[in-house]
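Chemist: Supplied structure: query29.cif, mmCIF, C-alpha atoms and all ligand atoms.
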```cif
data_coords
#
loop_
_atom_site.label_atom_id
_atom_site.label_comp_id
_atom_site.auth_asym_id
_atom_site.auth_seq_id
_atom_site.Cartn_x
_atom_site.Cartn_y
_atom_site.Cartn_z
CA MET A 1 9.29 -1.04 24.23
CA ARG A 2 11.44 -1.28 21.14
CA ARG A 3 14.63 -1.23 23.23
CA THR A 4 13.36 -4.25 25.16
CA HIS A 5 12.89 -6.21 21.94
CA ARG A 6 16.36 -5.40 20.78
CA SER A 7 18.03 -6.46 23.98
CA ARG A 8 15.95 -9.63 24.07
CA LEU A 9 17.00 -10.33 20.50
CA ARG A 10 20.64 -9.74 21.32
CA SER A 11 20.67 -12.13 24.27
CA ALA A 12 18.75 -14.76 22.33
CA LEU A 13 21.36 -14.57 19.59
CA ALA A 14 24.25 -14.76 22.02
CA ALA A 15 22.82 -17.93 23.52
CA ALA A 16 21.78 -19.60 20.30
CA PRO A 17 24.08 -21.93 18.38
CA VAL A 18 22.95 -20.22 15.15
CA ALA A 19 24.68 -17.00 16.22
CA ALA A 20 27.97 -18.04 14.68
CA ALA A 21 26.28 -19.03 11.44
CA ILE A 22 24.52 -15.67 11.30
CA ALA A 23 27.78 -13.88 11.96
CA ALA A 24 29.34 -15.89 9.12
CA GLY A 25 26.58 -14.73 6.81
CA ALA A 26 25.09 -18.20 6.33
CA LEU A 27 21.68 -17.09 7.59
CA PRO A 28 19.84 -13.81 7.06
CA ALA A 29 21.32 -11.12 9.24
CA ALA A 30 19.28 -10.03 12.22
CA ALA A 31 17.50 -6.69 12.10
CA GLN A 32 19.77 -3.86 13.03
CA VAL A 33 18.15 -0.86 14.61
CA ALA A 34 14.45 -0.64 13.84
CA VAL A 35 13.24 2.93 13.85
CA ALA A 36 9.70 4.11 14.10
CA PRO A 37 8.47 5.45 10.75
CA GLN A 38 9.34 9.09 10.52
CA GLU A 39 7.60 12.19 9.42
CA HIS A 40 9.01 13.51 6.18
CA GLY A 41 11.19 16.58 6.28
CA PRO A 42 10.40 20.04 4.86
CA HIS A 43 12.65 19.36 1.86
CA GLN A 44 10.43 16.37 0.99
CA GLN A 45 7.11 18.21 1.23
CA ASP A 46 7.09 18.91 -2.50
CA PHE A 47 7.77 15.26 -3.40
CA VAL A 48 5.14 13.96 -0.99
CA HIS A 49 2.32 16.48 -1.54
CA GLY A 50 3.32 18.68 -4.46
CA VAL A 51 2.82 18.36 -8.22
CA PRO A 52 5.62 18.35 -10.82
CA GLN A 53 5.57 21.25 -13.27
CA VAL A 54 5.29 18.86 -16.22
CA ALA A 55 3.83 15.70 -14.78
CA ALA A 56 4.71 12.36 -16.38
CA PRO A 57 1.71 10.05 -16.80
CA GLU A 58 3.42 7.62 -14.42
CA TRP A 59 3.52 10.32 -11.74
CA THR A 60 -0.16 11.17 -12.26
CA ILE A 61 -1.31 7.54 -12.11
CA GLY A 62 0.69 6.84 -8.95
CA ALA A 63 -0.59 10.04 -7.34
CA GLY A 64 -4.16 8.95 -8.17
CA GLY A 65 -3.43 5.58 -6.58
CA ARG A 66 -2.35 7.27 -3.36
CA ILE A 67 -5.61 9.24 -3.27
CA TYR A 68 -7.49 5.95 -3.79
CA ASP A 69 -5.58 4.55 -0.81
CA ASN A 70 -6.07 7.47 1.59
CA TRP A 71 -6.89 10.87 0.10
CA TRP A 72 -6.39 13.02 3.20
CA GLU A 73 -2.92 11.59 3.84
CA ALA A 74 -2.04 11.86 0.17
CA LEU A 75 -3.30 15.43 -0.13
CA ASP A 76 -2.35 16.71 3.33
CA ARG A 77 -5.99 17.54 4.24
CA ASP A 78 -7.83 17.28 7.53
CA GLU A 79 -9.22 13.83 8.27
CA PRO A 80 -12.91 13.60 7.43
CA GLU A 81 -15.15 13.53 10.48
CA GLY A 82 -17.67 10.82 11.22
CA THR A 83 -18.82 7.94 9.07
CA ASN A 84 -19.30 8.48 5.34
CA PRO A 85 -23.08 8.83 4.78
CA ALA A 86 -22.68 6.67 1.67
CA TYR A 87 -21.18 3.76 3.64
CA PRO A 88 -23.65 0.86 3.52
CA ALA A 89 -25.45 -0.61 6.54
CA ALA A 90 -24.01 -4.02 5.57
CA GLY A 91 -20.51 -2.82 6.47
CA ARG A 92 -18.84 -3.12 9.86
CA GLN A 93 -16.46 -0.17 9.72
CA GLU A 94 -17.10 3.32 11.03
CA GLY A 95 -15.42 6.70 11.14
CA GLU A 96 -12.83 8.09 8.78
CA VAL A 97 -11.84 4.77 7.14
CA THR A 98 -15.28 4.67 5.50
CA TRP A 99 -14.15 7.63 3.36
CA ARG A 100 -11.27 5.71 1.77
CA CYS A 101 -11.94 4.42 -1.76
CA LYS A 102 -10.19 1.17 -0.91
CA GLU A 103 -12.59 0.56 2.00
CA CYS A 104 -15.57 0.09 -0.33
CA HIS A 105 -13.78 -1.09 -3.50
CA GLY A 106 -10.83 -3.08 -2.11
CA TRP A 107 -7.06 -3.01 -2.45
CA ASP A 108 -7.57 -5.40 -5.34
CA TYR A 109 -10.17 -3.14 -7.06
CA LEU A 110 -12.62 -6.07 -7.03
CA GLY A 111 -14.93 -4.99 -4.18
CA ALA A 112 -17.38 -7.72 -3.18
CA GLU A 113 -15.91 -10.10 -5.75
CA GLY A 114 -12.42 -9.85 -4.30
CA ILE A 115 -10.63 -10.10 -0.97
CA TYR A 116 -13.38 -8.02 0.69
CA ARG A 117 -16.04 -10.58 -0.36
CA ALA A 118 -16.14 -11.56 3.35
CA GLY A 119 -14.75 -10.39 6.67
CA SER A 120 -14.60 -7.10 8.50
CA HIS A 121 -14.17 -5.03 5.29
CA PHE A 122 -17.19 -6.52 3.50
CA THR A 123 -19.56 -3.92 2.03
CA GLY A 124 -21.19 -5.84 -0.82
CA ILE A 125 -20.16 -3.03 -3.20
CA LYS A 126 -18.77 -3.88 -6.58
CA GLY A 127 -15.20 -3.19 -7.58
CA VAL A 128 -13.73 -0.55 -9.88
CA LEU A 129 -11.90 -2.87 -12.26
CA GLY A 130 -14.80 -2.53 -14.68
CA VAL A 131 -13.79 1.06 -15.53
CA ALA A 132 -10.18 0.09 -16.37
CA GLY A 133 -9.40 1.24 -19.89
CA GLN A 134 -12.29 3.69 -20.02
CA PRO A 135 -11.55 7.34 -20.85
CA VAL A 136 -11.00 9.69 -17.90
CA GLU A 137 -13.98 11.84 -19.02
CA ALA A 138 -16.30 8.82 -18.72
CA ILE A 139 -15.00 7.99 -15.24
CA MET A 140 -15.09 11.51 -13.74
CA PRO A 141 -18.91 11.84 -13.36
CA LEU A 142 -19.04 8.53 -11.43
CA LEU A 143 -16.66 9.95 -8.83
CA ARG A 144 -19.02 12.84 -8.06
CA ASP A 145 -22.30 10.90 -7.98
CA ALA A 146 -24.40 10.25 -4.85
CA ASN A 147 -22.24 7.25 -3.88
CA HIS A 148 -19.29 9.61 -3.57
CA PRO A 149 -20.06 12.65 -1.36
CA TYR A 150 -16.57 14.13 -1.75
CA THR A 151 -16.60 17.92 -1.84
CA THR A 152 -14.01 19.76 -3.93
CA ALA A 153 -12.51 20.97 -0.64
CA MET A 154 -11.79 17.32 0.13
CA ILE A 155 -10.65 16.29 -3.37
CA SER A 156 -10.40 19.03 -6.01
CA GLU A 157 -11.26 18.51 -9.68
CA GLU A 158 -7.60 18.40 -10.64
CA GLU A 159 -6.92 15.84 -7.93
CA MET A 160 -9.94 13.75 -8.94
CA LEU A 161 -8.55 13.70 -12.50
CA ARG A 162 -5.49 11.92 -11.08
CA VAL A 163 -7.80 9.34 -9.52
CA ALA A 164 -9.60 8.88 -12.84
CA ALA A 165 -6.22 8.47 -14.60
CA PHE A 166 -5.31 5.80 -12.05
CA LEU A 167 -8.63 3.96 -12.57
CA SER A 168 -8.30 4.24 -16.33
CA ALA A 169 -4.69 3.14 -16.70
CA GLY A 170 -3.33 1.96 -13.35
CA LEU A 171 -5.40 -1.07 -12.32
CA VAL A 172 -4.43 -4.72 -12.56
CA ASP A 173 -6.30 -7.96 -11.93
CA MET A 174 -4.56 -9.37 -8.88
CA ARG A 175 -6.12 -12.80 -9.35
CA ALA A 176 -3.19 -13.41 -11.71
CA PHE A 177 -0.64 -13.39 -8.90
CA ILE A 178 -2.50 -13.67 -5.57
CA ASP A 179 -4.07 -16.86 -4.28
CA TYR A 180 -7.54 -15.79 -3.11
CA ASP A 181 -8.02 -18.75 -0.78
CA THR A 182 -4.94 -17.96 1.29
CA ARG A 183 -4.42 -14.26 0.48
CA THR A 184 -0.78 -14.99 -0.35
CA VAL A 185 1.39 -14.45 -3.41
CA LYS A 186 1.02 -17.44 -5.74
CA ALA A 187 4.03 -19.74 -5.86
CA GLY A 188 6.25 -19.23 -8.87
CA VAL A 189 4.95 -15.82 -10.01
CA GLY A 190 7.45 -13.14 -10.98
CA ASP A 191 11.21 -13.32 -11.26
CA PHE A 192 12.59 -13.76 -7.75
CA ASP A 193 16.13 -12.62 -8.59
CA ARG A 194 14.79 -9.52 -10.30
CA GLY A 195 12.65 -8.79 -7.21
CA ARG A 196 15.69 -9.14 -4.97
CA ALA A 197 17.71 -6.81 -7.22
CA ILE A 198 15.02 -4.13 -7.05
CA PHE A 199 14.57 -4.47 -3.30
CA GLN A 200 18.27 -4.36 -2.46
CA THR A 201 19.01 -1.37 -4.70
CA ILE A 202 15.88 0.72 -4.03
CA CYS A 203 13.65 -0.26 -1.12
CA ALA A 204 16.52 -1.20 1.21
CA ALA A 205 17.61 2.45 1.38
CA CYS A 206 14.80 2.97 3.88
CA HIS A 207 13.55 -0.51 4.80
CA GLY A 208 16.94 -2.23 5.21
CA PHE A 209 18.21 -5.33 3.40
CA ASP A 210 16.00 -7.64 5.45
CA GLY A 211 13.03 -5.24 5.47
CA ARG A 212 13.20 -4.72 9.22
CA ALA A 213 14.75 -1.27 9.46
CA MET A 214 11.28 0.27 9.59
CA ASP A 215 8.69 -1.13 11.97
CA TRP A 216 5.20 0.29 11.95
CA GLY A 217 3.86 -2.26 14.41
CA GLU A 218 3.26 -1.59 18.07
CA GLY A 219 4.85 -3.34 21.02
CA ASP A 220 5.28 -7.04 20.26
CA ASP A 221 3.18 -6.73 17.16
CA HIS A 222 5.90 -6.08 14.59
CA ASN A 223 4.97 -4.91 11.17
CA PHE A 224 7.79 -4.92 8.67
CA VAL A 225 7.62 -4.79 4.92
CA GLY A 226 7.92 -8.60 4.96
CA THR A 227 5.06 -8.96 7.44
CA GLU A 228 2.76 -6.90 5.26
CA ALA A 229 3.73 -8.67 2.05
CA ALA A 230 3.10 -12.07 3.63
CA GLU A 231 -0.27 -11.09 5.08
CA LEU A 232 -1.67 -8.37 2.83
CA PRO A 233 -0.08 -8.76 -0.64
CA ASP A 234 -2.96 -6.89 -2.31
CA GLU A 235 -2.30 -3.85 -0.11
CA VAL A 236 1.46 -4.08 -0.63
CA TYR A 237 1.03 -4.23 -4.40
CA ASN A 238 -0.61 -0.79 -4.11
CA LYS A 239 2.29 0.54 -2.02
CA ILE A 240 4.78 -0.78 -4.60
CA ALA A 241 2.89 0.72 -7.52
CA ASN A 242 1.88 4.04 -5.92
CA ALA A 243 3.83 4.44 -2.62
CA HIS A 244 2.44 5.05 0.85
CA PRO A 245 0.30 8.22 1.01
CA GLY A 246 1.84 11.04 3.00
CA ALA A 247 5.25 9.34 3.28
CA ALA A 248 8.51 10.15 1.53
CA MET A 249 8.54 6.82 -0.24
CA VAL A 250 9.38 5.93 -3.83
CA ASN A 251 7.11 3.89 -6.09
CA LEU A 252 7.68 1.60 -9.05
CA ARG A 253 5.13 3.22 -11.36
CA ALA A 254 7.85 3.96 -13.92
CA PHE A 255 8.78 0.27 -13.94
CA GLY A 256 6.79 -2.47 -15.64
CA HIS A 257 4.03 -4.52 -14.06
CA ASP A 258 6.26 -7.62 -14.15
CA ASP A 259 8.86 -5.83 -12.03
CA ARG A 260 6.22 -4.95 -9.45
CA VAL A 261 5.06 -8.56 -9.21
CA SER A 262 8.67 -9.80 -8.98
CA LEU A 263 9.32 -7.36 -6.14
CA LEU A 264 6.12 -8.43 -4.34
CA ALA A 265 7.11 -12.11 -4.64
CA TYR A 266 10.54 -11.31 -3.21
CA ILE A 267 9.40 -9.23 -0.25
CA ALA A 268 6.81 -11.87 0.69
CA THR A 269 9.84 -14.00 1.68
CA LEU A 270 11.44 -11.40 3.99
CA PRO A 271 11.31 -11.85 7.78
CA VAL A 272 7.89 -11.22 9.32
CA GLY A 273 8.96 -10.98 12.96
CA MET A 274 11.90 -9.84 15.07
CA ASP A 275 13.04 -13.34 15.99
CA ASP A 276 13.12 -15.07 12.61
C1 LIG A 301 -18.83 4.30 1.09
C2 LIG A 301 -18.53 3.40 -0.01
C3 LIG A 301 -17.78 3.97 -1.18
C4 LIG A 301 -16.61 4.67 -1.15
C5 LIG A 301 -15.77 5.08 0.04
C6 LIG A 301 -16.26 4.90 -2.53
N1 LIG A 301 -17.20 4.35 -3.36
FE1 LIG A 301 -17.07 4.18 -5.37
N2 LIG A 301 -18.92 3.30 -5.43
C7 LIG A 301 -19.69 3.03 -4.32
C8 LIG A 301 -20.96 2.47 -4.76
C9 LIG A 301 -22.11 2.04 -3.87
C10 LIG A 301 -20.89 2.41 -6.17
C11 LIG A 301 -21.96 1.90 -7.12
C12 LIG A 301 -21.78 0.44 -7.30
C13 LIG A 301 -22.80 -0.16 -8.23
O1 LIG A 301 -23.11 0.45 -9.24
O2 LIG A 301 -23.26 -1.28 -7.93
C14 LIG A 301 -19.59 2.94 -6.55
C15 LIG A 301 -19.13 2.98 -7.84
C16 LIG A 301 -17.86 3.41 -8.20
C17 LIG A 301 -17.34 3.37 -9.54
C18 LIG A 301 -18.06 2.82 -10.76
C19 LIG A 301 -17.76 1.35 -10.92
C20 LIG A 301 -18.44 0.76 -12.14
O3 LIG A 301 -17.93 -0.23 -12.66
O4 LIG A 301 -19.50 1.28 -12.52
C21 LIG A 301 -16.09 3.90 -9.50
C22 LIG A 301 -15.14 4.07 -10.66
C23 LIG A 301 -15.84 4.28 -8.13
N3 LIG A 301 -16.94 3.95 -7.38
C24 LIG A 301 -14.68 4.87 -7.68
C25 LIG A 301 -14.47 5.31 -6.38
C26 LIG A 301 -13.35 6.11 -5.95
C27 LIG A 301 -12.22 6.56 -6.84
C28 LIG A 301 -13.51 6.37 -4.64
C29 LIG A 301 -12.66 7.24 -3.73
C30 LIG A 301 -12.41 8.60 -4.19
C31 LIG A 301 -14.70 5.67 -4.23
N4 LIG A 301 -15.27 5.08 -5.31
C32 LIG A 301 -15.15 5.60 -2.92
C33 LIG A 301 -19.31 3.20 -3.02
C34 LIG A 301 -18.15 3.80 -2.57
C1 LIG A 302 12.97 6.97 0.81
C2 LIG A 302 12.54 6.01 1.79
C3 LIG A 302 11.73 4.83 1.31
C4 LIG A 302 11.98 3.99 0.27
C5 LIG A 302 13.13 4.03 -0.72
C6 LIG A 302 10.94 3.00 0.29
N1 LIG A 302 10.08 3.23 1.32
FE1 LIG A 302 8.48 2.10 1.84
N2 LIG A 302 8.03 3.40 3.32
C7 LIG A 302 8.75 4.52 3.63
C8 LIG A 302 8.06 5.28 4.65
C9 LIG A 302 8.51 6.58 5.27
C10 LIG A 302 6.88 4.55 4.93
C11 LIG A 302 5.76 4.97 5.85
C12 LIG A 302 5.76 4.37 7.15
C13 LIG A 302 4.61 4.96 7.96
O1 LIG A 302 4.56 6.15 8.14
O2 LIG A 302 3.75 4.19 8.35
C14 LIG A 302 6.92 3.38 4.10
C15 LIG A 302 5.95 2.40 4.12
C16 LIG A 302 5.97 1.25 3.35
C17 LIG A 302 5.01 0.18 3.42
C18 LIG A 302 3.87 0.04 4.42
C19 LIG A 302 2.80 0.95 4.35
C20 LIG A 302 1.78 0.60 5.41
O3 LIG A 302 1.87 1.12 6.53
O4 LIG A 302 0.89 -0.17 5.12
C21 LIG A 302 5.37 -0.75 2.50
C22 LIG A 302 4.66 -2.05 2.20
C23 LIG A 302 6.56 -0.27 1.85
N3 LIG A 302 6.90 0.95 2.40
C24 LIG A 302 7.24 -0.93 0.85
C25 LIG A 302 8.31 -0.40 0.14
C26 LIG A 302 8.89 -1.02 -1.01
C27 LIG A 302 8.47 -2.36 -1.59
C28 LIG A 302 9.88 -0.19 -1.44
C29 LIG A 302 10.74 -0.33 -2.69
C30 LIG A 302 10.03 -0.12 -3.94
C31 LIG A 302 9.92 0.94 -0.55
N4 LIG A 302 8.94 0.79 0.40
C32 LIG A 302 10.83 1.97 -0.64
C33 LIG A 302 9.94 4.92 3.07
C34 LIG A 302 10.53 4.33 1.97
#
```
Take the structure I supplied and represent it as structure tokens, if you would.

Modeler:
Amino acid sequence: MRRTHRSRLRSALAAAPVAAAIAAGALPAAAQVAVAPQEHGPHQQDFVHGVPQVAAPEWTIGAGGRIYDNWWEALDRDEPEGTNPAYPAAGRQEGEVTWRCKECHGWDYLGAEGIYRAGSHFTGIKGVLGVAGQPVEAIMPLLRDANHPYTTAMISEEEMLRVAAFLSAGLVDMRAFIDYDTRTVKAGVGDFDRGRAIFQTICAACHGFDGRAMDWGEGDDHNFVGTEAAELPDEVYNKIANAHPGAAMVNLRAFGHDDRVSLLAYIATLPVGMDD
């Protein structure tokens, strides 16, 4: 499938008058070879699933964010089976996704007040932003109450402490930089040049300068870093701040919030498809 796209792209470029301009560097270069996302290697197992001997707070908060995103991928556990008994009848999802924190509380931590106020991810459940700034000890009991039937075999106490650290110190109010009517990054937020500098020196190592080196779409349905940032900026903010669970990917937790927003604003301008 992928080979077909590449040859189609090549012949389109050969025929198009813009080909010369692209070759001269006047337009963004076309994607080179897009690879399917890869499994991480044995040498990366410790980085992806392990714990540093002396963990920096930034590591702990990011690790908690990855558990919030998808705990079984983050922690290398078996997928939960069946629908979460705590998932409300108002919701339209079923199966393992109903066990993800983000499914009930949102990528933007605002639950029913945020992006999931309508649509296929609606649950009517409130967000978690209200616990931001609260001590970890006050948050912990909430994560083991009847709304959260996670056993310690699923998420251990030590791992849940990372989640509580994330909720306490790692949340932001995305209404500051995302337009909630269009679900896009607000015009003018962040420092575009700073975002480009971070992307080209860090993210491009794996995603390529135009963000198209890694494609996690299927068939004609391409999904590059630019596609995600343009369509799901709230989700991508989480990937920037915490990384993708289960993948050997870096995160910007050790950078400031402004850097993360600048990067998000920049990647929302990267190509979204193979032919643009
Ligand atoms: C199946 C849906 C569901 C999932 C999945 C879920 N929660 Fe909740 N959560 C709830 C409900 C329901 C409440 C109670 C909301 C209320 O009080 O109105 C709640 C409340 C909370 C609160 C308290 C919010 C406040 O301001 O009082 C926190 C914090 C929280 N959840 C964190 C998490 C975390 C972390 C995870 C994943 C480990 C998670 N939740 C997964 C349904 C869910
Ligand atoms: C060391 C390699 C590496 C670096 C550096 C890297 N990533 Fe990734 N990224 C990955 C891998 C691997 C995946 C997982 C793809 C998969 O398995 O679906 C991924 C996935 C993603 C996803 C999509 C997750 C999804 O499927 O929803 C986004 C968004 C993303 N990266 C953004 C970034 C940004 C922004 C940076 C720079 C801060 C960055 N990445 C740096 C390797 C990397």

Chemist: Counting only C-alpha atoms and all ligand atoms, which protein, DNA or RNA residues come within 9 Å of ligand LIG 301 (chain A), given as a count of residues only?

Modeler: 50

Chemist: List as an MDAnalysis selection string the protein and nucleic acid residues lying within 9 Å of ligand LIG 302 (chain A), with all atoms listed in the file counted.

Modeler: chainID A and resid 36:40 198:207 211 214:217 223:229 232:233 235:241 243:252 260 263:264 267

Chemist: I need the chosen residues saved as a PDB file, in the frame of the given file, with C-alpha atoms.

Modeler:
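Printed below is result05.pdb as written:
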```
ATOM      1  CA  ALA A  36       9.700   4.110  14.100  1.00  0.00           C
ATOM      2  CA  PRO A  37       8.470   5.450  10.750  1.00  0.00           C
ATOM      3  CA  GLN A  38       9.340   9.090  10.520  1.00  0.00           C
ATOM      4  CA  GLU A  39       7.600  12.190   9.420  1.00  0.00           C
ATOM      5  CA  HIS A  40       9.010  13.510   6.180  1.00  0.00           C
ATOM      6  CA  ILE A 198      15.020  -4.130  -7.050  1.00  0.00           C
ATOM      7  CA  PHE A 199      14.570  -4.470  -3.300  1.00  0.00           C
ATOM      8  CA  GLN A 200      18.270  -4.360  -2.460  1.00  0.00           C
ATOM      9  CA  THR A 201      19.010  -1.370  -4.700  1.00  0.00           C
ATOM     10  CA  ILE A 202      15.880   0.720  -4.030  1.00  0.00           C
ATOM     11  CA  CYS A 203      13.650  -0.260  -1.120  1.00  0.00           C
ATOM     12  CA  ALA A 204      16.520  -1.200   1.210  1.00  0.00           C
ATOM     13  CA  ALA A 205      17.610   2.450   1.380  1.00  0.00           C
ATOM     14  CA  CYS A 206      14.800   2.970   3.880  1.00  0.00           C
ATOM     15  CA  HIS A 207      13.550  -0.510   4.800  1.00  0.00           C
ATOM     16  CA  GLY A 211      13.030  -5.240   5.470  1.00  0.00           C
ATOM     17  CA  MET A 214      11.280   0.270   9.590  1.00  0.00           C
ATOM     18  CA  ASP A 215       8.690  -1.130  11.970  1.00  0.00           C
ATOM     19  CA  TRP A 216       5.200   0.290  11.950  1.00  0.00           C
ATOM     20  CA  GLY A 217       3.860  -2.260  14.410  1.00  0.00           C
ATOM     21  CA  ASN A 223       4.970  -4.910  11.170  1.00  0.00           C
ATOM     22  CA  PHE A 224       7.790  -4.920   8.670  1.00  0.00           C
ATOM     23  CA  VAL A 225       7.620  -4.790   4.920  1.00  0.00           C
ATOM     24  CA  GLY A 226       7.920  -8.600   4.960  1.00  0.00           C
ATOM     25  CA  THR A 227       5.060  -8.960   7.440  1.00  0.00           C
ATOM     26  CA  GLU A 228       2.760  -6.900   5.260  1.00  0.00           C
ATOM     27  CA  ALA A 229       3.730  -8.670   2.050  1.00  0.00           C
ATOM     28  CA  LEU A 232      -1.670  -8.370   2.830  1.00  0.00           C
ATOM     29  CA  PRO A 233      -0.080  -8.760  -0.640  1.00  0.00           C
ATOM     30  CA  GLU A 235      -2.300  -3.850  -0.110  1.00  0.00           C
ATOM     31  CA  VAL A 236       1.460  -4.080  -0.630  1.00  0.00           C
ATOM     32  CA  TYR A 237       1.030  -4.230  -4.400  1.00  0.00           C
ATOM     33  CA  ASN A 238      -0.610  -0.790  -4.110  1.00  0.00           C
ATOM     34  CA  LYS A 239       2.290   0.540  -2.020  1.00  0.00           C
ATOM     35  CA  ILE A 240       4.780  -0.780  -4.600  1.00  0.00           C
ATOM     36  CA  ALA A 241       2.890   0.720  -7.520  1.00  0.00           C
ATOM     37  CA  ALA A 243       3.830   4.440  -2.620  1.00  0.00           C
ATOM     38  CA  HIS A 244       2.440   5.050   0.850  1.00  0.00           C
ATOM     39  CA  PRO A 245       0.300   8.220   1.010  1.00  0.00           C
ATOM     40  CA  GLY A 246       1.840  11.040   3.000  1.00  0.00           C
ATOM     41  CA  ALA A 247       5.250   9.340   3.280  1.00  0.00           C
ATOM     42  CA  ALA A 248       8.510  10.150   1.530  1.00  0.00           C
ATOM     43  CA  MET A 249       8.540   6.820  -0.240  1.00  0.00           C
ATOM     44  CA  VAL A 250       9.380   5.930  -3.830  1.00  0.00           C
ATOM     45  CA  ASN A 251       7.110   3.890  -6.090  1.00  0.00           C
ATOM     46  CA  LEU A 252       7.680   1.600  -9.050  1.00  0.00           C
ATOM     47  CA  ARG A 260       6.220  -4.950  -9.450  1.00  0.00           C
ATOM     48  CA  LEU A 263       9.320  -7.360  -6.140  1.00  0.00           C
ATOM     49  CA  LEU A 264       6.120  -8.430  -4.340  1.00  0.00           C
ATOM     50  CA  ILE A 267       9.400  -9.230  -0.250  1.00  0.00           C
TER      51      ILE A 267
END
```

Chemist: Residues at most 9 Å from Ser120 (chain A), counting only C-alpha atoms, excluding those fewer than 2 positions away in the same chain, as a PyMOL selection string?

Modeler: chain A and resi 91-93+116+118+122-123

Chemist: Please measure the separation of CA of Phe177 (chain A) and CA of Arg194 (chain A), giving the value in Å to one decimal.

Modeler: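 For CA of Phe177 (chain A) relative to CA of Arg194 (chain A), the distance reads 16.0 Å.
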
Chemist: Would you work out the distance separating CA of Glu81 (chain A) from CA of Thr151 (chain A), expressed in Å to one decimal?

Modeler: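 Spanning CA of Glu81 (chain A) to CA of Thr151 (chain A) is a straight-line distance of 13.2 Å.
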
Chemist: Quick one: residues within 8 Å of Asp258 (chain A), only C-alpha atoms, excluding same-chain residues fewer than 3 positions away - as a ChimeraX atom specification?

Modeler: /A:190,261-262

Chemist: Name the residues in contact with Pro57 (chain A) at a cut-off of 10 Å, using all atoms listed in the file, excluding same-chain residues fewer than 4 positions from it; report them as a ChimeraX atom specification.

Modeler: /A:61-63,162,165-166,169,253-254

Chemist: Which one of A:Met274, A:Ala265, A:Ala197, A:Met174 sits closest to Glu113 (chain A) if you count all atoms listed in the file?

Modeler: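 Among A:Met274, A:Ala265, A:Ala197, A:Met174, it is A:Met174 that comes nearest to Glu113 (chain A).
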
Chemist: Which distance in Å separates CA of Thr60 (chain A) and CA of Ala74 (chain A), to one decimal?

Modeler: 12.6 Å

Chemist: With only C-alpha atoms as the basis for distance, which of A:Ala230, A:Val189, A:Val48, A:Ala153 is at the shortest distance from Val272 (chain A)?

Modeler: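 Among the listed residues, A:Ala230 lies closest to Val272 (chain A).
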
Chemist: Go through A:Gly219, A:Gly114, A:Gly119, A:Gly106 one by one, measure the shortest atom-to-atom distance of each to Ala90 (chain A) using only C-alpha atoms, and give the residue with the smallest value.

Modeler: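 The answer is A:Gly119, which sits nearest to Ala90 (chain A).
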